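Source file: start_38.cif (mmCIF, C-alpha atoms, pLDDT in the B column; chains and numbers go by the auth columns)
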data_start
loop_
_atom_site.group_PDB
_atom_site.id
_atom_site.type_symbol
_atom_site.label_atom_id
_atom_site.label_comp_id
_atom_site.label_asym_id
_atom_site.label_seq_id
_atom_site.Cartn_x
_atom_site.Cartn_y
_atom_site.Cartn_z
_atom_site.B_iso_or_equiv
_atom_site.auth_seq_id
_atom_site.auth_asym_id
ATOM 1 C CA MET A 1 -34.195 55.955 4.690 74.00 299 X
ATOM 2 C CA PHE A 2 -30.998 54.224 3.608 87.00 300 X
ATOM 3 C CA ASP A 3 -29.172 54.603 0.290 91.00 301 X
ATOM 4 C CA VAL A 4 -27.944 51.118 -0.625 94.00 302 X
ATOM 5 C CA ALA A 5 -26.101 52.358 -3.719 94.00 303 X
ATOM 6 C CA VAL A 6 -24.042 54.876 -1.703 94.00 304 X
ATOM 7 C CA PHE A 7 -23.347 52.259 0.972 96.00 305 X
ATOM 8 C CA GLY A 8 -22.300 49.634 -1.572 94.00 306 X
ATOM 9 C CA SER A 9 -20.118 52.016 -3.552 92.00 307 X
ATOM 10 C CA LEU A 10 -18.156 53.322 -0.545 94.00 308 X
ATOM 11 C CA PHE A 11 -17.923 49.896 1.123 95.00 309 X
ATOM 12 C CA LEU A 12 -16.452 48.318 -2.025 92.00 310 X
ATOM 13 C CA THR A 13 -14.074 51.251 -2.525 91.00 311 X
ATOM 14 C CA LEU A 14 -12.797 50.992 1.052 93.00 312 X
ATOM 15 C CA PHE A 15 -12.641 47.181 0.815 92.00 313 X
ATOM 16 C CA VAL A 16 -10.343 47.432 -2.204 84.00 314 X
ATOM 17 C CA ILE A 17 -8.189 50.186 -0.662 87.00 315 X
ATOM 18 C CA MET A 18 -7.949 48.796 2.887 89.00 316 X
ATOM 19 C CA ASP A 19 -7.775 45.217 1.556 86.00 317 X
ATOM 20 C CA PRO A 20 -8.818 43.008 4.527 87.00 318 X
ATOM 21 C CA PRO A 21 -7.481 39.752 2.939 83.00 319 X
ATOM 22 C CA GLY A 22 -4.171 41.408 2.091 81.00 320 X
ATOM 23 C CA ILE A 23 -3.766 42.812 5.600 86.00 321 X
ATOM 24 C CA THR A 24 -3.763 39.298 7.100 84.00 322 X
ATOM 25 C CA PRO A 25 -0.119 38.322 6.411 86.00 323 X
ATOM 26 C CA ILE A 26 1.090 41.802 7.374 88.00 324 X
ATOM 27 C CA PHE A 27 -0.834 41.651 10.659 91.00 325 X
ATOM 28 C CA LEU A 28 0.540 38.159 11.362 86.00 326 X
ATOM 29 C CA ALA A 29 4.110 39.266 10.598 87.00 327 X
ATOM 30 C CA LEU A 30 3.909 42.350 12.808 87.00 328 X
ATOM 31 C CA THR A 31 2.255 40.630 15.780 86.00 329 X
ATOM 32 C CA ALA A 32 3.967 37.233 15.742 80.00 330 X
ATOM 33 C CA GLY A 33 5.763 36.277 18.948 81.00 331 X
ATOM 34 C CA ARG A 34 3.279 38.024 21.191 87.00 332 X
ATOM 35 C CA PRO A 35 0.739 36.283 23.466 88.00 333 X
ATOM 36 C CA ALA A 36 -2.636 35.586 21.851 86.00 334 X
ATOM 37 C CA ARG A 37 -4.320 37.975 24.286 91.00 335 X
ATOM 38 C CA VAL A 38 -1.997 40.807 23.203 91.00 336 X
ATOM 39 C CA GLN A 39 -2.539 39.990 19.519 90.00 337 X
ATOM 40 C CA ARG A 40 -6.306 40.141 19.965 92.00 338 X
ATOM 41 C CA ARG A 41 -5.985 43.478 21.737 93.00 339 X
ATOM 42 C CA MET A 42 -3.779 44.797 18.945 93.00 340 X
ATOM 43 C CA ALA A 43 -6.402 43.811 16.363 94.00 341 X
ATOM 44 C CA VAL A 44 -8.961 45.882 18.264 95.00 342 X
ATOM 45 C CA GLN A 45 -6.528 48.786 18.688 95.00 343 X
ATOM 46 C CA ALA A 46 -5.588 48.828 14.995 95.00 344 X
ATOM 47 C CA VAL A 47 -9.248 48.971 13.958 96.00 345 X
ATOM 48 C CA CYS A 48 -10.036 51.655 16.555 96.00 346 X
ATOM 49 C CA VAL A 49 -7.089 53.809 15.452 96.00 347 X
ATOM 50 C CA ALA A 50 -8.042 53.423 11.784 96.00 348 X
ATOM 51 C CA GLY A 51 -11.682 54.188 12.596 97.00 349 X
ATOM 52 C CA GLY A 52 -10.725 57.235 14.644 96.00 350 X
ATOM 53 C CA VAL A 53 -8.469 58.653 11.930 95.00 351 X
ATOM 54 C CA ILE A 54 -11.041 57.991 9.199 96.00 352 X
ATOM 55 C CA THR A 55 -13.791 59.613 11.299 96.00 353 X
ATOM 56 C CA VAL A 56 -11.749 62.723 12.070 96.00 354 X
ATOM 57 C CA PHE A 57 -10.794 63.193 8.419 94.00 355 X
ATOM 58 C CA GLY A 58 -14.348 62.434 7.307 94.00 356 X
ATOM 59 C CA LEU A 59 -15.627 65.239 9.507 94.00 357 X
ATOM 60 C CA LEU A 60 -12.743 67.719 9.293 93.00 358 X
ATOM 61 C CA GLY A 61 -10.526 66.457 6.474 88.00 359 X
ATOM 62 C CA HIS A 62 -10.414 69.509 4.244 83.00 360 X
ATOM 63 C CA GLN A 63 -10.000 71.900 7.146 91.00 361 X
ATOM 64 C CA ILE A 64 -7.091 69.858 8.590 90.00 362 X
ATOM 65 C CA LEU A 65 -5.226 69.601 5.282 86.00 363 X
ATOM 66 C CA ASP A 66 -5.817 73.274 4.462 89.00 364 X
ATOM 67 C CA TYR A 67 -4.704 74.400 7.923 92.00 365 X
ATOM 68 C CA LEU A 68 -1.472 72.395 7.678 91.00 366 X
ATOM 69 C CA HIS A 69 -0.990 73.410 4.021 91.00 367 X
ATOM 70 C CA VAL A 70 -0.664 69.715 3.153 87.00 368 X
ATOM 71 C CA SER A 71 -1.764 68.456 -0.247 87.00 369 X
ATOM 72 C CA VAL A 72 -3.242 65.001 -0.820 81.00 370 X
ATOM 73 C CA PRO A 73 -0.231 63.917 -2.954 88.00 371 X
ATOM 74 C CA ALA A 74 2.118 64.930 -0.111 88.00 372 X
ATOM 75 C CA LEU A 75 0.041 62.804 2.257 85.00 373 X
ATOM 76 C CA MET A 76 0.290 59.870 -0.150 84.00 374 X
ATOM 77 C CA ILE A 77 4.073 60.188 -0.556 90.00 375 X
ATOM 78 C CA ALA A 78 4.657 60.497 3.199 86.00 376 X
ATOM 79 C CA GLY A 79 2.478 57.473 3.894 82.00 377 X
ATOM 80 C CA GLY A 80 4.266 55.494 1.191 85.00 378 X
ATOM 81 C CA LEU A 81 7.704 56.305 2.629 90.00 379 X
ATOM 82 C CA LEU A 82 6.609 55.259 6.114 82.00 380 X
ATOM 83 C CA LEU A 83 5.247 51.951 4.794 82.00 381 X
ATOM 84 C CA LEU A 84 8.438 51.387 2.798 88.00 382 X
ATOM 85 C CA LEU A 85 10.558 51.671 5.950 85.00 383 X
ATOM 86 C CA ILE A 86 8.389 49.061 7.701 79.00 384 X
ATOM 87 C CA ALA A 87 8.514 46.816 4.611 84.00 385 X
ATOM 88 C CA LEU A 88 12.316 46.960 4.454 86.00 386 X
ATOM 89 C CA ASP A 89 12.476 45.922 8.121 80.00 387 X
ATOM 90 C CA LEU A 90 10.284 42.909 7.410 80.00 388 X
ATOM 91 C CA LEU A 91 12.240 41.962 4.281 84.00 389 X
ATOM 92 C CA THR A 92 15.782 42.325 5.587 80.00 390 X
ATOM 93 C CA GLY A 93 15.394 41.747 9.309 64.00 391 X
ATOM 94 C CA LYS A 94 16.287 38.631 11.253 47.00 392 X
ATOM 95 C CA THR A 95 13.819 35.969 12.285 39.00 393 X
ATOM 96 C CA ASP A 96 13.225 37.798 15.553 45.00 394 X
ATOM 97 C CA GLU A 97 11.642 40.977 14.153 43.00 395 X
ATOM 98 C CA PRO A 98 8.632 40.651 16.442 43.00 396 X
ATOM 99 C CA LYS A 99 10.929 40.605 19.494 43.00 397 X
ATOM 100 C CA GLN A 100 12.691 43.724 18.244 38.00 398 X
ATOM 101 C CA THR A 101 9.384 45.553 18.159 47.00 399 X
ATOM 102 C CA LYS A 102 7.968 44.192 21.394 50.00 400 X
ATOM 103 C CA ASP A 103 8.015 47.635 23.006 57.00 401 X
ATOM 104 C CA VAL A 104 6.483 49.268 19.925 65.00 402 X
ATOM 105 C CA ASN A 105 2.732 49.163 19.467 84.00 403 X
ATOM 106 C CA VAL A 106 2.490 48.242 15.790 86.00 404 X
ATOM 107 C CA ALA A 107 -1.302 48.379 16.120 88.00 405 X
ATOM 108 C CA LEU A 108 -0.999 52.173 16.058 90.00 406 X
ATOM 109 C CA VAL A 109 1.760 52.539 13.421 85.00 407 X
ATOM 110 C CA PRO A 110 1.911 51.110 10.813 85.00 408 X
ATOM 111 C CA LEU A 111 -1.279 49.007 11.121 90.00 409 X
ATOM 112 C CA GLY A 112 -3.849 51.588 12.197 91.00 410 X
ATOM 113 C CA MET A 113 -2.156 54.422 10.314 89.00 411 X
ATOM 114 C CA PRO A 114 -1.105 54.533 7.484 85.00 412 X
ATOM 115 C CA LEU A 115 -1.760 50.910 6.445 88.00 413 X
ATOM 116 C CA LEU A 116 -5.503 50.794 7.176 93.00 414 X
ATOM 117 C CA ALA A 117 -6.277 54.506 7.422 93.00 415 X
ATOM 118 C CA GLY A 118 -3.990 55.483 4.551 88.00 416 X
ATOM 119 C CA PRO A 119 -4.245 58.401 2.130 85.00 417 X
ATOM 120 C CA GLY A 120 -6.462 56.431 -0.274 84.00 418 X
ATOM 121 C CA ALA A 121 -9.036 55.600 2.395 91.00 419 X
ATOM 122 C CA ILE A 122 -8.890 59.104 3.870 92.00 420 X
ATOM 123 C CA VAL A 123 -9.448 60.815 0.511 86.00 421 X
ATOM 124 C CA SER A 124 -12.288 58.413 -0.394 90.00 422 X
ATOM 125 C CA VAL A 125 -14.072 59.162 2.877 94.00 423 X
ATOM 126 C CA ILE A 126 -13.563 62.934 2.573 90.00 424 X
ATOM 127 C CA LEU A 127 -15.105 62.890 -0.924 85.00 425 X
ATOM 128 C CA ALA A 128 -17.961 60.569 0.100 91.00 426 X
ATOM 129 C CA VAL A 129 -18.897 62.756 3.075 92.00 427 X
ATOM 130 C CA GLN A 130 -18.753 65.863 0.865 86.00 428 X
ATOM 131 C CA LYS A 131 -21.090 64.320 -1.718 88.00 429 X
ATOM 132 C CA ALA A 132 -23.586 63.105 0.903 91.00 430 X
ATOM 133 C CA ASP A 133 -26.181 65.847 0.657 89.00 431 X
ATOM 134 C CA SER A 134 -28.998 64.252 2.649 92.00 432 X
ATOM 135 C CA VAL A 135 -29.502 62.449 5.946 93.00 433 X
ATOM 136 C CA ALA A 136 -30.029 59.135 4.126 93.00 434 X
ATOM 137 C CA THR A 137 -26.746 59.373 2.225 95.00 435 X
ATOM 138 C CA GLN A 138 -24.865 60.516 5.332 95.00 436 X
ATOM 139 C CA VAL A 139 -26.199 57.510 7.256 95.00 437 X
ATOM 140 C CA SER A 140 -25.220 55.241 4.353 96.00 438 X
ATOM 141 C CA VAL A 141 -21.686 56.670 4.220 96.00 439 X
ATOM 142 C CA TRP A 142 -21.032 56.251 7.938 96.00 440 X
ATOM 143 C CA THR A 143 -22.623 52.792 7.977 97.00 441 X
ATOM 144 C CA ALA A 144 -20.262 51.736 5.172 97.00 442 X
ATOM 145 C CA ILE A 145 -17.289 53.079 7.173 97.00 443 X
ATOM 146 C CA LEU A 146 -18.427 51.156 10.258 97.00 444 X
ATOM 147 C CA ALA A 147 -19.047 47.973 8.250 97.00 445 X
ATOM 148 C CA ILE A 148 -15.563 47.884 6.684 97.00 446 X
ATOM 149 C CA HIS A 149 -13.977 48.306 10.113 97.00 447 X
ATOM 150 C CA VAL A 150 -16.013 45.395 11.468 97.00 448 X
ATOM 151 C CA VAL A 151 -14.797 43.282 8.527 95.00 449 X
ATOM 152 C CA LEU A 152 -11.193 44.314 9.216 96.00 450 X
ATOM 153 C CA TRP A 153 -11.491 43.349 12.878 96.00 451 X
ATOM 154 C CA VAL A 154 -13.011 39.944 12.047 93.00 452 X
ATOM 155 C CA VAL A 155 -10.265 39.198 9.502 91.00 453 X
ATOM 156 C CA MET A 156 -7.431 40.153 11.864 93.00 454 X
ATOM 157 C CA ARG A 157 -9.037 38.505 14.894 91.00 455 X
ATOM 158 C CA TYR A 158 -9.411 35.136 13.194 88.00 456 X
ATOM 159 C CA SER A 159 -6.160 35.307 11.248 86.00 457 X
ATOM 160 C CA LEU A 160 -4.487 34.537 14.588 79.00 458 X
ATOM 161 C CA LEU A 161 -5.595 30.924 14.122 82.00 459 X
ATOM 162 C CA ILE A 162 -3.194 30.769 11.164 77.00 460 X
ATOM 163 C CA ILE A 163 -0.200 31.377 13.451 71.00 461 X
ATOM 164 C CA ARG A 164 -1.030 28.248 15.449 73.00 462 X
ATOM 165 C CA VAL A 165 -1.092 26.188 12.255 78.00 463 X
ATOM 166 C CA ILE A 166 2.019 27.505 10.463 75.00 464 X
ATOM 167 C CA LYS A 167 4.314 27.651 13.550 72.00 465 X
ATOM 168 C CA ASP A 168 7.582 29.631 13.700 69.00 466 X
ATOM 169 C CA GLY A 169 8.953 28.626 10.293 77.00 467 X
ATOM 170 C CA GLY A 170 5.728 29.652 8.616 78.00 468 X
ATOM 171 C CA VAL A 171 5.742 32.977 10.452 73.00 469 X
ATOM 172 C CA VAL A 172 9.195 33.773 9.011 79.00 470 X
ATOM 173 C CA LEU A 173 7.929 32.966 5.515 82.00 471 X
ATOM 174 C CA VAL A 174 4.805 35.071 6.038 78.00 472 X
ATOM 175 C CA THR A 175 6.992 37.920 7.339 79.00 473 X
ATOM 176 C CA ARG A 176 9.060 37.935 4.140 84.00 474 X
ATOM 177 C CA LEU A 177 5.959 37.754 1.934 84.00 475 X
ATOM 178 C CA ALA A 178 4.327 40.537 3.932 81.00 476 X
ATOM 179 C CA GLY A 179 7.439 42.675 3.511 84.00 477 X
ATOM 180 C CA MET A 180 7.378 42.154 -0.240 87.00 478 X
ATOM 181 C CA MET A 181 3.654 42.993 -0.494 84.00 479 X
ATOM 182 C CA LEU A 182 4.008 46.000 1.773 82.00 480 X
ATOM 183 C CA SER A 183 6.976 47.355 -0.194 88.00 481 X
ATOM 184 C CA ALA A 184 4.960 47.078 -3.423 88.00 482 X
ATOM 185 C CA ILE A 185 2.014 48.906 -1.814 84.00 483 X
ATOM 186 C CA ALA A 186 4.375 51.599 -0.506 86.00 484 X
ATOM 187 C CA VAL A 187 6.111 52.140 -3.851 91.00 485 X
ATOM 188 C CA GLN A 188 2.769 52.317 -5.671 89.00 486 X
ATOM 189 C CA GLN A 189 1.515 54.871 -3.159 86.00 487 X
ATOM 190 C CA ILE A 190 4.634 57.002 -3.695 91.00 488 X
ATOM 191 C CA ILE A 191 4.250 56.705 -7.493 94.00 489 X
ATOM 192 C CA ASN A 192 0.594 57.783 -7.250 89.00 490 X
ATOM 193 C CA GLY A 193 1.557 60.789 -5.140 89.00 491 X
ATOM 194 C CA VAL A 194 4.382 61.846 -7.463 94.00 492 X
ATOM 195 C CA THR A 195 2.120 61.383 -10.506 94.00 493 X
ATOM 196 C CA GLN A 196 -0.520 63.646 -8.957 90.00 494 X
ATOM 197 C CA VAL A 197 2.120 66.272 -8.193 90.00 495 X
ATOM 198 C CA ILE A 198 3.357 66.200 -11.812 91.00 496 X
ATOM 199 C CA HIS A 199 -0.165 66.359 -13.268 90.00 497 X
ATOM 200 C CA GLY A 200 -1.166 69.022 -10.785 79.00 498 X
ATOM 201 C CA GLY A 201 1.871 71.065 -11.716 57.00 499 X
#

Once you've parsed the file, please lay out its structure as structure tokens.
Amino acid sequence: MFDVAVFGSLFLTLFVIMDPPGITPIFLALTAGRPARVQRRMAVQAVCVAGGVITVFGLLGHQILDYLHVSVPALMIAGGLLLLLIALDLLTGKTDEPKQTKDVNVALVPLGMPLLAGPGAIVSVILAVQKADSVATQVSVWTAILAIHVVLWVVMRYSLLIIRVIKDGGVVLVTRLAGMMLSAIAVQQIINGVTQVIHGG
């Protein structure tokens, strides 16, 4: 059996949080200047890292957070600060940002974590797995998680075609736009975390 409602609900939630269309300019900005083969590999790595993190937290999320004495708001604020640092680099850096990060695998941080597998996605998965009280709902939850990661890979994989069209000047523009979007996401994440701390207190 398969619970379509559970699948649809979690898939849409993760789609909104992980935002495949919105990740495109950020992925292009962070991977520009690298060979196409490397960019394709980074798309796969980012999705695998995100999938691995989401899976681990889906299975052991509460235990991990409890063991480390880390609250969800703290996770949100930390993730937001990390994203803000990346965003400021994209916004204020020179046109050769990609060259500056050539030795850094951006597929792992910030793409895989915390941009894709951020606090919002992690918390959503933890709650969905907790609520899944039958085999059918468990299968639906994990199928939704797998499906959103396939969508993310497809979007990033084929966004590389955009680089060939927009050339270097377009990449610089996309980098600035990505920095602005990413900074807004980061600030909102920090605000959400602080708000939860205040309400929780």

Practice problem: Extract, using only C-alpha atoms, all DNA, RNA and protein residues at most 7 Å from X:Leu388, discarding same-chain residues fewer than 5 positions from it, and format them as a list in words. | Solution: Thr473, Arg474 and Gly477 of chain X

Report as a PDB file with C-alpha atoms, in the frame of the given file the residues that result from applying the PyMOL selection byres ((chain X and resi 416-419) around 7) to the structure here.
ATOM      1  CA  LEU X 312     -12.797  50.992   1.052  1.00 93.00           C
ATOM      2  CA  ILE X 315      -8.189  50.186  -0.662  1.00 87.00           C
ATOM      3  CA  MET X 316      -7.949  48.796   2.887  1.00 89.00           C
ATOM      4  CA  LEU X 373       0.041  62.804   2.257  1.00 85.00           C
ATOM      5  CA  MET X 374       0.290  59.870  -0.150  1.00 84.00           C
ATOM      6  CA  GLY X 377       2.478  57.473   3.894  1.00 82.00           C
ATOM      7  CA  MET X 411      -2.156  54.422  10.314  1.00 89.00           C
ATOM      8  CA  PRO X 412      -1.105  54.533   7.484  1.00 85.00           C
ATOM      9  CA  LEU X 413      -1.760  50.910   6.445  1.00 88.00           C
ATOM     10  CA  LEU X 414      -5.503  50.794   7.176  1.00 93.00           C
ATOM     11  CA  ALA X 415      -6.277  54.506   7.422  1.00 93.00           C
ATOM     12  CA  ILE X 420      -8.890  59.104   3.870  1.00 92.00           C
ATOM     13  CA  VAL X 421      -9.448  60.815   0.511  1.00 86.00           C
ATOM     14  CA  SER X 422     -12.288  58.413  -0.394  1.00 90.00           C
ATOM     15  CA  VAL X 423     -14.072  59.162   2.877  1.00 94.00           C
TER      16      VAL X 423
END

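The shortest atom-to-atom distance to X:Val485, with only C-alpha atoms taken into account, belongs to X:Gly378 out of X:Gly467, X:Gly378, X:Pro408, X:Gly359.
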
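Taking atom CA of X:Leu366 and atom CA of X:Gly498 as endpoints, the distance between them is 18.8 Å.
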
Exercise. Write out as a PyMOL selection string each polymer residue whose atoms come within 9 Å of stretch 338-344 of chain X, counting all atoms listed in the file; drop sequence neighbours fewer than 2 positions from it.
Key: chain X and resi 325+329+333-336+346-349+403-411+414+450-452+454-456+458

Write out as a tab-separated table (two decimals) with C-alpha atoms, keeping the file's coordinate frame the residues lying within 10 Å of X:Ile460, counting only C-alpha atoms and excluding same-chain residues fewer than 5 positions away.
chain	number	residue	atom	x	y	z
X	322	THR	CA	-3.76	39.30	7.10
X	323	PRO	CA	-0.12	38.32	6.41
X	326	LEU	CA	0.54	38.16	11.36
X	465	LYS	CA	4.31	27.65	13.55
X	468	GLY	CA	5.73	29.65	8.62
X	469	VAL	CA	5.74	32.98	10.45

Quiz item: What is the atom CA of X:Ile362-atom CA of X:Val345 distance in Å, reported with one decimal?
Solution: 21.7 Å

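For the choices X:Gln361, X:Gln337, X:Thr353, X:Thr493, the atom-to-atom distance to X:Ala426 is smallest for X:Thr353 when using all atoms listed in the file.
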
Can you rebuild stretch 404-418 of chain X with N, CA and C atoms and give it as a short mmCIF file (atom, residue, chain, number, x, y, z; two decimals), keeping the file's coordinate frame?
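Saved the output as result_11.cif:
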data_model
loop_
_atom_site.label_atom_id
_atom_site.label_comp_id
_atom_site.auth_asym_id
_atom_site.auth_seq_id
_atom_site.Cartn_x
_atom_site.Cartn_y
_atom_site.Cartn_z
N VAL X 404 2.68 48.21 17.25
CA VAL X 404 2.49 48.24 15.79
C VAL X 404 1.01 48.37 15.42
N ALA X 405 0.12 48.20 16.40
CA ALA X 405 -1.30 48.38 16.12
C ALA X 405 -1.60 49.83 15.77
N LEU X 406 -0.79 50.75 16.33
CA LEU X 406 -1.00 52.17 16.06
C LEU X 406 -0.32 52.56 14.75
N VAL X 407 0.98 52.29 14.64
CA VAL X 407 1.76 52.54 13.42
C VAL X 407 2.62 51.31 13.18
N PRO X 408 2.55 50.65 12.04
CA PRO X 408 1.91 51.11 10.81
C PRO X 408 0.51 50.55 10.55
N LEU X 409 0.00 49.66 11.44
CA LEU X 409 -1.28 49.01 11.12
C LEU X 409 -2.44 50.00 11.05
N GLY X 410 -2.71 50.67 12.18
CA GLY X 410 -3.85 51.59 12.20
C GLY X 410 -3.69 52.73 11.21
N MET X 411 -2.48 53.30 11.21
CA MET X 411 -2.16 54.42 10.31
C MET X 411 -0.70 54.27 9.93
N PRO X 412 -0.30 54.22 8.67
CA PRO X 412 -1.10 54.53 7.48
C PRO X 412 -1.56 53.31 6.68
N LEU X 413 -1.43 52.08 7.24
CA LEU X 413 -1.76 50.91 6.44
C LEU X 413 -3.27 50.79 6.23
N LEU X 414 -4.04 50.86 7.31
CA LEU X 414 -5.50 50.79 7.18
C LEU X 414 -6.06 52.18 6.83
N ALA X 415 -5.79 53.15 7.68
CA ALA X 415 -6.28 54.51 7.42
C ALA X 415 -5.21 55.26 6.64
N GLY X 416 -4.98 54.85 5.40
CA GLY X 416 -3.99 55.48 4.55
C GLY X 416 -4.59 56.62 3.74
N PRO X 417 -3.76 57.27 2.94
CA PRO X 417 -4.24 58.40 2.13
C PRO X 417 -5.42 58.04 1.22
N GLY X 418 -5.38 56.84 0.62
CA GLY X 418 -6.46 56.43 -0.27
C GLY X 418 -7.80 56.37 0.44
#
